[in-house]
file query_32.cif (mmCIF, C-alpha atoms)
data_target
loop_
_atom_site.label_atom_id
_atom_site.label_comp_id
_atom_site.auth_asym_id
_atom_site.auth_seq_id
_atom_site.Cartn_x
_atom_site.Cartn_y
_atom_site.Cartn_z
CA MET A 1 83.10 86.71 147.78
CA THR A 2 82.99 90.43 147.35
CA VAL A 3 84.46 92.36 144.45
CA LYS A 4 87.22 93.58 146.72
CA LYS A 5 87.94 90.09 148.12
CA ALA A 6 87.82 88.56 144.66
CA LEU A 7 90.47 90.99 143.53
CA MET A 8 92.55 90.34 146.64
CA PHE A 9 92.29 86.59 146.13
CA THR A 10 93.32 86.87 142.53
CA ALA A 11 96.29 89.05 143.46
CA ILE A 12 97.39 86.44 146.02
CA LEU A 13 97.12 83.58 143.53
CA VAL A 14 98.90 85.70 141.03
CA VAL A 15 101.61 85.40 143.65
CA ALA A 16 101.62 88.39 145.97
CA SER A 17 104.58 89.28 143.83
CA LEU A 18 105.76 92.23 145.88
CA LEU A 19 107.14 89.56 148.22
CA VAL A 20 108.78 87.50 145.47
CA ALA A 21 111.98 86.06 146.85
CA GLY A 22 114.36 86.88 144.04
CA CYS A 23 114.60 85.81 140.41
CA GLY A 24 116.41 82.93 138.84
CA GLY A 25 116.53 80.62 135.88
CA LYS A 26 117.09 81.35 132.22
CA GLN A 27 114.64 83.23 130.05
CA THR A 28 114.73 83.13 126.30
CA SER A 29 114.57 86.57 124.74
CA SER A 30 111.65 85.53 122.52
CA ALA A 31 109.60 84.27 125.49
CA LYS A 32 110.30 87.43 127.46
CA LEU A 33 109.32 89.59 124.49
CA VAL A 34 106.00 87.76 124.14
CA LEU A 35 105.26 88.02 127.87
CA ASP A 36 106.21 91.71 128.06
CA LYS A 37 103.96 92.59 125.11
CA ALA A 38 101.08 90.50 126.45
CA LEU A 39 101.29 92.13 129.90
CA ALA A 40 101.45 95.61 128.36
CA HIS A 41 98.31 94.85 126.32
CA LEU A 42 96.60 93.37 129.39
CA ARG A 43 97.30 96.42 131.51
CA ALA A 44 96.02 98.77 128.81
CA LEU A 45 92.60 97.11 128.44
CA LYS A 46 89.68 99.51 128.81
CA SER A 47 87.03 96.84 129.26
CA PHE A 48 86.81 93.04 129.44
CA LYS A 49 85.09 90.05 130.98
CA VAL A 50 86.97 87.60 133.17
CA SER A 51 85.97 84.21 134.53
CA ILE A 52 87.92 82.80 137.46
CA THR A 53 87.64 79.23 138.70
CA TRP A 54 89.75 78.00 141.58
CA THR A 55 90.18 74.96 143.76
CA SER A 56 91.97 74.88 147.10
CA ALA A 57 92.87 71.83 149.14
CA SER A 58 93.75 72.21 152.82
CA GLY A 59 96.02 70.01 154.88
CA THR A 60 98.48 69.05 152.15
CA SER A 61 100.62 70.76 149.56
CA ALA A 62 98.58 69.10 146.79
CA PRO A 63 95.00 67.86 146.48
CA SER A 64 94.57 64.30 147.71
CA SER A 65 91.87 61.93 148.90
CA SER A 66 92.57 62.99 152.49
CA SER A 67 92.40 66.72 151.85
CA SER A 68 89.33 68.94 151.74
CA ALA A 69 88.95 70.38 148.24
CA GLN A 70 86.65 73.28 147.43
CA ALA A 71 85.88 74.63 143.97
CA SER A 72 84.66 78.18 143.41
CA ARG A 73 83.88 80.45 140.49
CA ALA A 74 83.61 84.19 139.88
CA ASP A 75 82.54 86.08 136.76
CA ILE A 76 83.48 89.74 136.59
CA ASP A 77 82.72 92.49 134.06
CA VAL A 78 85.18 95.38 134.13
CA THR A 79 85.25 98.78 132.44
CA THR A 80 87.47 101.78 133.08
CA GLU A 81 85.63 104.18 130.79
CA GLY A 82 84.72 107.11 133.04
CA GLY A 83 86.36 105.43 136.04
CA LEU A 84 86.73 101.87 137.27
CA ALA A 85 83.44 99.94 137.45
CA MET A 86 82.92 96.22 138.06
CA HIS A 87 80.09 93.76 138.44
CA SER A 88 80.92 90.42 140.02
CA THR A 89 78.93 87.27 140.60
CA SER A 90 80.49 84.36 142.45
CA ASP A 91 79.65 80.92 143.81
CA GLN A 92 81.71 79.49 146.63
CA GLY A 93 80.42 76.09 147.60
CA GLY A 94 76.84 77.17 147.02
CA GLN A 95 77.24 80.59 148.65
CA LYS A 96 76.39 83.03 145.88
CA THR A 97 77.07 86.76 145.74
CA ASP A 98 76.19 89.62 143.44
CA GLU A 99 78.46 92.62 143.89
CA TYR A 100 79.25 95.97 142.32
CA LEU A 101 82.02 98.54 142.40
CA LEU A 102 81.20 102.03 141.13
CA ASP A 103 82.74 105.44 141.82
CA GLY A 104 85.15 103.99 144.37
CA VAL A 105 82.43 102.28 146.43
CA ALA A 106 81.82 98.52 146.71
CA TYR A 107 78.23 97.31 147.13
CA GLY A 108 77.08 93.87 148.19
CA TYR A 109 73.98 92.17 149.51
CA ALA A 110 74.31 90.62 152.99
CA GLU A 111 71.69 88.12 154.13
CA GLY A 112 69.63 89.63 156.94
CA GLN A 113 71.16 93.07 156.49
CA GLY A 114 70.25 94.04 152.95
CA TRP A 115 72.56 96.04 150.70
CA LEU A 116 75.78 97.28 152.31
CA LYS A 117 78.54 99.48 150.97
CA GLN A 118 82.14 100.32 151.83
CA ASP A 119 85.02 102.36 150.49
CA ALA A 120 86.93 100.69 147.64
CA SER A 121 88.72 103.73 146.24
CA SER A 122 92.10 101.99 146.40
CA THR A 123 90.94 98.93 144.42
CA LYS A 124 92.72 98.26 141.14
CA ALA A 125 91.26 96.39 138.20
CA ILE A 126 92.25 92.73 137.88
CA ASN A 127 94.16 93.29 134.65
CA VAL A 128 96.33 95.95 136.31
CA GLN A 129 96.96 93.75 139.36
CA ILE A 130 98.03 90.80 137.22
CA ALA A 131 100.17 92.85 134.84
CA ASP A 132 101.99 94.60 137.69
CA SER A 133 102.44 91.34 139.61
CA LEU A 134 104.10 89.55 136.73
CA LYS A 135 106.45 92.30 135.55
CA THR A 136 109.37 90.99 137.64
CA GLY A 137 110.39 87.85 139.46
CA THR A 138 109.62 85.25 136.80
CA LYS A 139 111.99 82.34 136.32
CA ASP A 140 112.24 79.39 133.94
CA LEU A 141 110.29 81.41 131.38
CA LYS A 142 109.86 79.59 128.09
CA ILE A 143 107.55 79.10 125.14
CA LEU A 144 105.90 75.72 125.60
CA SER A 145 104.31 75.71 122.15
CA GLN A 146 102.99 77.95 119.43
CA ASP A 147 100.89 77.73 116.30
CA ALA A 148 99.48 80.20 113.80
CA SER A 149 97.03 81.66 116.31
CA SER A 150 98.65 81.58 119.77
CA TYR A 151 101.61 81.12 122.09
CA ARG A 152 101.68 79.03 125.27
CA LEU A 153 104.19 80.31 127.82
CA SER A 154 105.23 78.78 131.12
CA PHE A 155 107.15 80.22 134.04
CA LYS A 156 107.43 80.06 137.83
CA MET A 157 107.53 82.52 140.70
CA SER A 158 108.42 81.97 144.35
CA THR A 159 107.39 83.79 147.51
CA SER A 160 108.67 83.42 151.04
CA THR A 161 106.73 84.52 154.12
CA SER A 162 107.66 84.36 157.79
CA SER A 163 105.27 84.06 160.71
CA ALA A 164 105.73 83.81 164.48
CA GLN A 165 104.96 80.41 165.95
CA ASP A 166 102.80 82.03 168.65
CA SER A 167 102.14 85.48 170.08
CA SER A 168 104.84 85.16 172.76
CA SER A 169 107.49 83.54 170.58
CA THR A 170 110.47 85.37 169.11
CA SER A 171 111.12 82.57 166.63
CA SER A 172 109.34 82.28 163.31
CA THR A 173 108.70 79.76 160.59
CA GLU A 174 109.27 80.46 156.91
CA THR A 175 106.97 79.18 154.19
CA THR A 176 108.01 79.16 150.55
CA THR A 177 105.33 78.97 147.89
CA THR A 178 106.20 78.10 144.31
CA THR A 179 103.60 79.19 141.79
CA GLU A 180 103.53 77.75 138.28
CA PHE A 181 101.91 79.61 135.39
CA VAL A 182 100.82 78.57 131.91
CA VAL A 183 99.67 81.53 129.83
CA LYS A 184 97.93 81.40 126.45
CA VAL A 185 98.48 84.51 124.31
CA ASP A 186 96.55 85.35 121.15
CA LYS A 187 99.09 86.02 118.40
CA PRO A 188 97.37 88.65 116.25
CA ALA A 189 96.27 90.89 119.14
CA MET A 190 98.82 89.76 121.77
CA ASN A 191 96.00 89.51 124.30
CA ILE A 192 96.17 87.03 127.16
CA GLN A 193 93.31 84.58 126.65
CA GLU A 194 93.84 82.25 129.59
CA MET A 195 96.09 81.82 132.61
CA SER A 196 96.47 78.60 134.55
CA VAL A 197 97.94 79.11 138.02
CA LYS A 198 99.08 76.44 140.47
CA ALA A 199 100.40 77.41 143.90
CA ALA A 200 102.09 74.70 145.93
CA PRO A 201 103.19 75.72 149.47
CA SER A 202 105.76 73.76 151.41
CA ALA A 203 104.17 71.09 153.58
CA SER A 204 103.02 72.55 156.90
CA PRO A 205 99.88 72.34 159.05
CA GLY A 206 97.06 74.33 157.48
CA SER A 207 98.85 74.91 154.18
CA GLN A 208 96.80 74.98 151.01
CA ALA A 209 97.49 73.98 147.45
CA GLN A 210 95.54 76.17 145.06
CA GLU A 211 94.75 75.92 141.38
CA GLU A 212 93.17 78.73 139.42
CA VAL A 213 92.15 79.32 135.80
CA ILE A 214 91.60 82.91 134.65
CA THR A 215 89.90 83.36 131.27
CA PHE A 216 89.62 86.75 129.53
CA SER A 217 87.09 87.65 126.83
CA GLY A 218 85.37 90.68 125.31
CA GLN A 219 88.53 92.77 125.34
CA ASN A 220 87.70 96.46 124.73
CA SER A 221 84.07 95.68 123.88
CA PRO A 222 81.38 98.05 125.20
CA ILE A 223 80.40 97.17 128.77
CA THR A 224 77.80 99.05 130.81
CA ILE A 225 77.57 98.52 134.57
CA LYS A 226 74.56 99.96 136.37
CA LEU A 227 73.87 99.78 140.11
CA PRO A 228 70.49 98.19 140.94
CA GLU A 229 67.89 100.60 142.31
CA GLU A 230 67.63 98.66 145.58
CA ALA A 231 71.37 99.11 146.21
CA LYS A 232 71.37 102.89 145.90
CA ASN A 233 70.30 103.31 149.54
CA ALA A 234 72.86 100.82 150.86
CA LYS A 235 74.03 101.30 154.44
CA SER A 236 77.67 101.50 155.48
CA ALA A 237 79.17 98.06 156.09
CA GLN A 238 81.29 99.44 158.94
CA GLN A 239 78.20 100.65 160.79
CA GLN A 240 76.38 97.36 160.23
CA SER A 241 79.33 95.10 161.05
CA THR A 242 78.55 92.62 163.82
CA PRO A 243 80.21 89.33 164.94
CA GLY A 244 79.36 86.65 162.44
CA SER A 245 78.05 89.02 159.79
CA SER A 246 79.23 88.48 156.24
CA GLY A 247 80.04 92.09 155.36
CA LEU A 248 81.45 93.12 152.00
#
call {"tool": "encode", "arguments": {"input": "query_32.cif", "output": "structure tokens"}}
result
Amino acid sequence: MTVKKALMFTAILVVASLLVAGCGGKQTSSAKLVLDKALAHLRALKSFKVSITWTSASGTSAPSSSSSAQASRADIDVTTEGGLAMHSTSDQGGQKTDEYLLDGVAYGYAEGQGWLKQDASSTKAINVQIADSLKTGTKDLKILSQDASSYRLSFKMSTSTSSAQDSSSTSSTETTTTTEFVVKVDKPAMNIQEMSVKAAPSASPGSQAQEEVITFSGQNSPITIKLPEEAKNAKSAQQQSTPGSSGL
């Protein structure tokens, strides 16, 4: 997974919220206050480390013995000092990647092609994507528990998407995905420490249930990201793109 795709995947699991199909449910004022403060702090981070683990199961709306489950992991260092920079390593079923984003350009190593690069000037940092995604559309927001050091919040979001049954059909099918969140917030700093995300689509052929855990650490600690020497002469991914190539 590339830096850009990792960010896209995270944004999707964090509900593609621009498509959220309305709000509902009751929200306690205290829970909303905690969430609003935590999201504001998340968006304002200048540097951090994030670990993302996710499991998807195809064929059913929830993992089962008959579904095909795949677990993946990504570790990403992010800093915005002097511009957005990221370093990502990921492992998807044994397929490992080592990727960078610096000065609006994403770099990645492609087997058989060497280092490739492509424009990533529109990429936003994960913390900004998550904070913006969760600003509206939450429902059933509540404080699950709290102690002297942290809050645990829970809420849901729903998205609806329509797709044509085939290229010649004027009819379409609608899929509704309900995503459940559990968020752990550090009380003293109001930083989000961990997010558990479960997306359960309505049963349909090819649908996937997905579970993701996002863990933040090293908030606002110094992080230096340097492009490897061998990547500095990377070729354009668009020029190197061929059928079956991995690309960035």
call {"tool": "residues_around", "arguments": {"input": "query_32.cif", "residues": "Asp98 of chain A", "least_positions_apart": "4", "cutoff": "12 Å", "atoms": "all atoms listed in the file", "output": "short mmCIF file (atom, residue, chain, number, x, y, z; two decimals) with C-alpha atoms, in the frame of the given file"}}
result
data_model
loop_
_atom_site.label_atom_id
_atom_site.label_comp_id
_atom_site.auth_asym_id
_atom_site.auth_seq_id
_atom_site.Cartn_x
_atom_site.Cartn_y
_atom_site.Cartn_z
CA MET A 1 83.10 86.71 147.78
CA THR A 2 82.99 90.43 147.35
CA VAL A 3 84.46 92.36 144.45
CA ALA A 6 87.82 88.56 144.66
CA ALA A 74 83.61 84.19 139.88
CA ASP A 75 82.54 86.08 136.76
CA ILE A 76 83.48 89.74 136.59
CA ASP A 77 82.72 92.49 134.06
CA MET A 86 82.92 96.22 138.06
CA HIS A 87 80.09 93.76 138.44
CA SER A 88 80.92 90.42 140.02
CA THR A 89 78.93 87.27 140.60
CA SER A 90 80.49 84.36 142.45
CA ASP A 91 79.65 80.92 143.81
CA GLN A 92 81.71 79.49 146.63
CA ALA A 106 81.82 98.52 146.71
CA TYR A 107 78.23 97.31 147.13
CA GLY A 108 77.08 93.87 148.19
CA TYR A 109 73.98 92.17 149.51
CA ALA A 110 74.31 90.62 152.99
CA GLU A 111 71.69 88.12 154.13
CA TRP A 115 72.56 96.04 150.70
CA LEU A 116 75.78 97.28 152.31
CA LEU A 227 73.87 99.78 140.11
CA PRO A 228 70.49 98.19 140.94
CA ALA A 231 71.37 99.11 146.21
CA LEU A 248 81.45 93.12 152.00
#
call {"tool": "atom_distance", "arguments": {"input": "query_32.cif", "atom1": "atom CA of Ser30 of chain A", "atom2": "atom CA of Thr159 of chain A"}}
result
25.4 Å
call {"tool": "resolve_selection", "arguments": {"input": "query_32.cif", "expression": "the PyMOL selection byres ((chain A and resi 235) around 9)", "output": "list in words"}}
result
Gln113, Gly114, Trp115, Leu116, Lys117, Gln118, Ala231, Asn233, Ala234, Ser236, Ala237, Gln238, Gln239 and Gln240 of chain A
call {"tool": "write_last_selection", "arguments": {"input": "query_32.cif", "atoms": "C-alpha atoms", "output": "PDB file, in the coordinates of the input"}}
result
ATOM      1  CA  GLN A 113      71.160  93.070 156.490  1.00  0.00           C
ATOM      2  CA  GLY A 114      70.250  94.040 152.950  1.00  0.00           C
ATOM      3  CA  TRP A 115      72.560  96.040 150.700  1.00  0.00           C
ATOM      4  CA  LEU A 116      75.780  97.280 152.310  1.00  0.00           C
ATOM      5  CA  LYS A 117      78.540  99.480 150.970  1.00  0.00           C
ATOM      6  CA  GLN A 118      82.140 100.320 151.830  1.00  0.00           C
ATOM      7  CA  ALA A 231      71.370  99.110 146.210  1.00  0.00           C
ATOM      8  CA  ASN A 233      70.300 103.310 149.540  1.00  0.00           C
ATOM      9  CA  ALA A 234      72.860 100.820 150.860  1.00  0.00           C
ATOM     10  CA  SER A 236      77.670 101.500 155.480  1.00  0.00           C
ATOM     11  CA  ALA A 237      79.170  98.060 156.090  1.00  0.00           C
ATOM     12  CA  GLN A 238      81.290  99.440 158.940  1.00  0.00           C
ATOM     13  CA  GLN A 239      78.200 100.650 160.790  1.00  0.00           C
ATOM     14  CA  GLN A 240      76.380  97.360 160.230  1.00  0.00           C
TER      15      GLN A 240
END
call {"tool": "closest_residue", "arguments": {"input": "query_32.cif", "among": "A:Lys46, A:Lys37, A:Lys32, A:Lys187", "to": "Pro222 of chain A", "atoms": "all atoms listed in the file"}}
result
A:Lys46
call {"tool": "residues_around", "arguments": {"input": "query_32.cif", "residues": "segment 147-149 of chain A", "least_positions_apart": "4", "cutoff": "9 Å", "atoms": "only C-alpha atoms", "output": "PyMOL selection string"}}
result
chain A and resi 185-188
call {"tool": "atom_distance", "arguments": {"input": "query_32.cif", "atom1": "atom CA of Thr55 of chain A", "atom2": "atom CA of Glu211 of chain A"}}
result
5.2 Å
call {"tool": "closest_residue", "arguments": {"input": "query_32.cif", "among": "A:Ala125, A:Val78, A:Val105, A:Val182", "to": "Ile225 of chain A", "atoms": "only C-alpha atoms"}}
result
A:Val78
call {"tool": "resolve_selection", "arguments": {"input": "query_32.cif", "expression": "the PyMOL selection byres ((chain A and resi 194) around 6)", "output": "list in words"}}
result
Val183, Lys184, Ile192, Gln193, Met195, Ile214 and Thr215 of chain A
